Amino acid sequence: MRTPTIRTRVGIVGAGPAGLMLSHLLHLRGIDSIVLESRSRSDVEGTIRAGVLEQNTVDLMVETGVGDRVKAEGLRHSGVEFRFAGRGRRIDFEELTGRSVTVYPQHEVLTDLIARRLDDDGDVRFEVSDVTVHDHQSDNPTISFVDKDGSEQLIACDLVAGCDGSRTGTRFLIPEAQVRTDHFRQYPFAWFGILAEAPQTSEELIYAHHERGFALCSTRTADVQRHYLQVDPEDTVEQWSDDRIWDELHKRVDGEGAEVREGTIFSKSVLQFRSFVCEPLQHGRLFLAGDSAHTVPPTGAKGMNLAIADVFVLSNAMATYFETRDDRGLVSYSETVLPRIWRAQHFSYWMTSMLHTAPGATNFDLRRQIAELDTVTRSAAGRTLIAENYVGVAFG
Ligand code: DHB
């Protein structure tokens, strides 16, 4: 075995929201880390993902000095509209919970975190390959990788964070059967996402139930809109002409008080989705955070917020361990984060099943869904349940 040439406290695999925020939070506690990422910086900063931040996420960004742009450019939303049976019902987050959400895309969060890590002389290495974690069950884990220039490197660290997203390699270091249980759920639909230069359809997001399938009108700026349509998972971008997309959005969304506003579509993609949780999220000195350990269907936009919630807990546990050698926070990490993960699973599943039309849905199924939407949005208790989950329960 080669002798490690690089030494750090925490080796972090993956420069997504979990890995970068973890590295940032550790730095603020005086703990150094190295982040290894297989993609290029421009790829990380350019990949389009969801765009809704819980107030917790925004507050944490602001409190830790990476919130200037989200404060200036993020769009604060104090409610959303659910549409069904041709009309809308508003859920007023502010009135029901005193909190709000902010529309600010994930890649902008990543851009802010990368800029700050580099400003703070943080060590973030892009375009690395063959990242392999060794001996995570010993007191001396190492991570080997090939850097951007093709030279082999070996890092010695105390702790390893697996933040390598849904295509994770680190999760598989937790032995299946004896230790790890994976919980899966597939869905018989996908989302077709577009970005369009167009005026906002509405000031707030619209979640629309329709017998033709779910539709979501979201936004990015006053001039750029993000919309989604429920489609068949086998559908391709080529099958969806601009006309077909607008026609379908009108059919599913338009009605009393709403009309989709058209424009020029400049991005189209099909997003597959599923629910997944791995338990536990740790083994030896390896700790998983974010999508490497769990994914949610996108309805309700919990994915990135959950990743940030994980590393809020993990960074505290790691920092306490380095400061005092008290490892109780690390030992109980999975136990601490799993209840929030499962609550988000429930909420995302519930929103998905309440709003999407299953293949072969009968009139009974559709009428039952409309009754569910009516029941939930009519009652203050029902609206509060949605609002509390949508804005997110406070971290910690
Ligand atoms: C967006 C994505 C979501 O999954 C959602 O529930 C709301 C908005 C978005 O990308 O804007």
# chains A, B, ... in the order shown; residues from 1 in each chain; ligands from 1
>>> residues_near_ligand(ligand="ligand 1", cutoff="6 Å", atoms="only C-alpha atoms and all ligand atoms", output="list in words")
Ala50, Gly51, Val52, Ser218, Thr219, Arg226, Pro298, Thr299, Gly300 and Ala301 of chain A
>>> residues_around(residues="range 28-36 of chain A", least_positions_apart="3", cutoff="7 Å", atoms="only C-alpha atoms", output="count of residues only")
18
>>> residues_around(residues="range 65-80 of chain A", least_positions_apart="3", cutoff="6 Å", atoms="only C-alpha atoms", output="PyMOL selection string")
chain A and resi 61-62+90-94+100-104+204-205
>>> write_last_selection(atoms="all heavy atoms", output="compact mmCIF listing (two decimals), in the first residue's frame")
# COMPACT_ATOMS: atom_id res chain seq x y z
N MET A 61 -27.89 29.35 4.80
CA MET A 61 -26.99 30.01 3.84
C MET A 61 -26.66 31.42 4.31
O MET A 61 -25.50 31.84 4.30
CB MET A 61 -27.62 30.05 2.44
CG MET A 61 -27.70 28.68 1.76
SD MET A 61 -28.59 28.74 0.19
CE MET A 61 -27.42 29.63 -0.84
N VAL A 62 -27.68 32.14 4.75
CA VAL A 62 -27.46 33.53 5.17
C VAL A 62 -26.59 33.56 6.43
O VAL A 62 -25.60 34.29 6.50
CB VAL A 62 -28.83 34.24 5.41
CG1 VAL A 62 -28.62 35.60 6.05
CG2 VAL A 62 -29.58 34.37 4.08
N ARG A 90 -55.54 28.19 -2.86
CA ARG A 90 -54.23 28.66 -2.43
C ARG A 90 -53.91 28.12 -1.04
O ARG A 90 -54.77 28.05 -0.16
CB ARG A 90 -54.25 30.19 -2.40
CG ARG A 90 -52.94 30.78 -1.95
CD ARG A 90 -52.85 32.26 -2.29
NE ARG A 90 -51.49 32.72 -2.03
CZ ARG A 90 -51.09 33.33 -0.92
NH1 ARG A 90 -51.96 33.61 0.05
NH2 ARG A 90 -49.83 33.67 -0.76
N ILE A 91 -52.65 27.73 -0.86
CA ILE A 91 -52.15 27.36 0.46
C ILE A 91 -51.24 28.51 0.87
O ILE A 91 -50.21 28.74 0.23
CB ILE A 91 -51.32 26.06 0.42
CG1 ILE A 91 -52.00 24.97 -0.40
CG2 ILE A 91 -50.94 25.61 1.83
CD1 ILE A 91 -52.89 24.05 0.33
N ASP A 92 -51.63 29.21 1.93
CA ASP A 92 -50.91 30.41 2.35
C ASP A 92 -49.90 30.04 3.45
O ASP A 92 -50.25 29.95 4.62
CB ASP A 92 -51.94 31.43 2.86
CG ASP A 92 -51.31 32.78 3.16
OD1 ASP A 92 -50.12 32.83 3.52
OD2 ASP A 92 -52.03 33.79 3.05
N PHE A 93 -48.65 29.81 3.04
CA PHE A 93 -47.62 29.36 4.00
C PHE A 93 -47.43 30.37 5.12
O PHE A 93 -47.27 30.01 6.28
CB PHE A 93 -46.26 29.18 3.31
CG PHE A 93 -46.25 28.21 2.18
CD1 PHE A 93 -45.38 28.39 1.10
CD2 PHE A 93 -47.10 27.11 2.17
CE1 PHE A 93 -45.35 27.49 0.06
CE2 PHE A 93 -47.07 26.20 1.12
CZ PHE A 93 -46.20 26.41 0.06
N GLU A 94 -47.37 31.63 4.73
CA GLU A 94 -47.09 32.70 5.69
C GLU A 94 -48.14 32.72 6.79
O GLU A 94 -47.81 32.73 7.98
CB GLU A 94 -47.10 34.02 4.92
CG GLU A 94 -46.38 35.16 5.59
CD GLU A 94 -44.88 35.08 5.38
OE1 GLU A 94 -44.41 35.12 4.22
OE2 GLU A 94 -44.19 34.94 6.40
N SER A 100 -41.83 30.86 4.80
CA SER A 100 -42.01 30.91 3.35
C SER A 100 -40.94 30.04 2.69
O SER A 100 -40.09 29.47 3.37
CB SER A 100 -41.87 32.35 2.87
OG SER A 100 -40.59 32.84 3.23
N VAL A 101 -40.98 29.94 1.37
CA VAL A 101 -39.92 29.24 0.63
C VAL A 101 -39.32 30.24 -0.36
O VAL A 101 -39.89 31.31 -0.59
CB VAL A 101 -40.45 28.00 -0.14
CG1 VAL A 101 -40.97 26.95 0.82
CG2 VAL A 101 -41.52 28.39 -1.16
N THR A 102 -38.17 29.87 -0.94
CA THR A 102 -37.53 30.76 -1.90
C THR A 102 -37.20 29.98 -3.16
O THR A 102 -36.63 28.89 -3.09
CB THR A 102 -36.22 31.34 -1.30
OG1 THR A 102 -36.58 32.10 -0.14
CG2 THR A 102 -35.49 32.23 -2.28
N VAL A 103 -37.60 30.52 -4.30
CA VAL A 103 -37.25 29.88 -5.57
C VAL A 103 -35.87 30.40 -5.98
O VAL A 103 -35.67 31.59 -6.20
CB VAL A 103 -38.31 30.18 -6.66
CG1 VAL A 103 -37.89 29.59 -8.00
CG2 VAL A 103 -39.67 29.62 -6.25
N TYR A 104 -34.92 29.48 -5.98
CA TYR A 104 -33.52 29.79 -6.30
C TYR A 104 -32.90 28.46 -6.70
O TYR A 104 -32.80 27.55 -5.88
CB TYR A 104 -32.84 30.37 -5.05
CG TYR A 104 -31.42 30.89 -5.26
CD1 TYR A 104 -31.19 32.06 -5.99
CD2 TYR A 104 -30.34 30.24 -4.70
CE1 TYR A 104 -29.90 32.55 -6.14
CE2 TYR A 104 -29.05 30.73 -4.85
CZ TYR A 104 -28.83 31.88 -5.58
OH TYR A 104 -27.55 32.37 -5.71
N GLU A 204 -47.27 32.74 -8.06
CA GLU A 204 -46.90 31.61 -7.20
C GLU A 204 -46.94 30.31 -8.01
O GLU A 204 -47.55 30.25 -9.07
CB GLU A 204 -47.87 31.54 -6.00
CG GLU A 204 -47.70 32.76 -5.11
CD GLU A 204 -48.60 32.74 -3.89
OE1 GLU A 204 -49.61 31.99 -3.89
OE2 GLU A 204 -48.30 33.46 -2.94
N LEU A 205 -46.29 29.27 -7.48
CA LEU A 205 -46.26 27.99 -8.18
C LEU A 205 -47.67 27.40 -8.25
O LEU A 205 -48.45 27.54 -7.30
CB LEU A 205 -45.35 27.01 -7.43
CG LEU A 205 -43.87 27.01 -7.84
CD1 LEU A 205 -43.25 28.39 -7.72
CD2 LEU A 205 -43.09 26.01 -7.01
>>> closest_residue(among="A:Ile265, A:Ile308, A:Ile341, A:Ala85", to="Asp374 in chain A", atoms="only C-alpha atoms")
A:Ala85
>>> closest_residue(among="A:Glu95, A:Glu197, A:Asp130, A:Asp310", to="Ala222 in chain A", atoms="only C-alpha atoms")
A:Glu197
>>> closest_residue(among="A:Leu110, A:Met318, A:Val331, A:Leu306", to="Val393 in chain A", atoms="only C-alpha atoms")
A:Leu306
>>> closest_residue(among="A:Ser202, A:Gln178, A:Thr64, A:Ser241", to="Glu259 in chain A", atoms="only C-alpha atoms")
A:Ser202
>>> atom_distance(atom1="CA of Leu330 in chain A", atom2="CA of Gly122 in chain A")
23.4 Å
>>> select_by_dssp(residues="range 16-171 of chain A", states="helix (DSSP H, G or I)", output="VMD selection string")
chain A and resid 17 to 28 41 to 46 55 to 63 68 to 73 93 to 97 106 to 119 170 to 171
>>> closest_residue(among="A:Val44, A:Ala381, A:Met354, A:Val270", to="Trp191 in chain A", atoms="only C-alpha atoms")
A:Val270
>>> select_by_dssp(residues="range 56-282 of chain A", states="strand (DSSP E or B)", output="number ranges by chain")
A: 75-77, 79-84, 87-92, 101-103, 123-125, 129-134, 142-146, 152-156, 159-162, 176, 180-186, 190-197, 205-208, 215-219, 224-231, 255, 258, 264-271, 274-279, 282
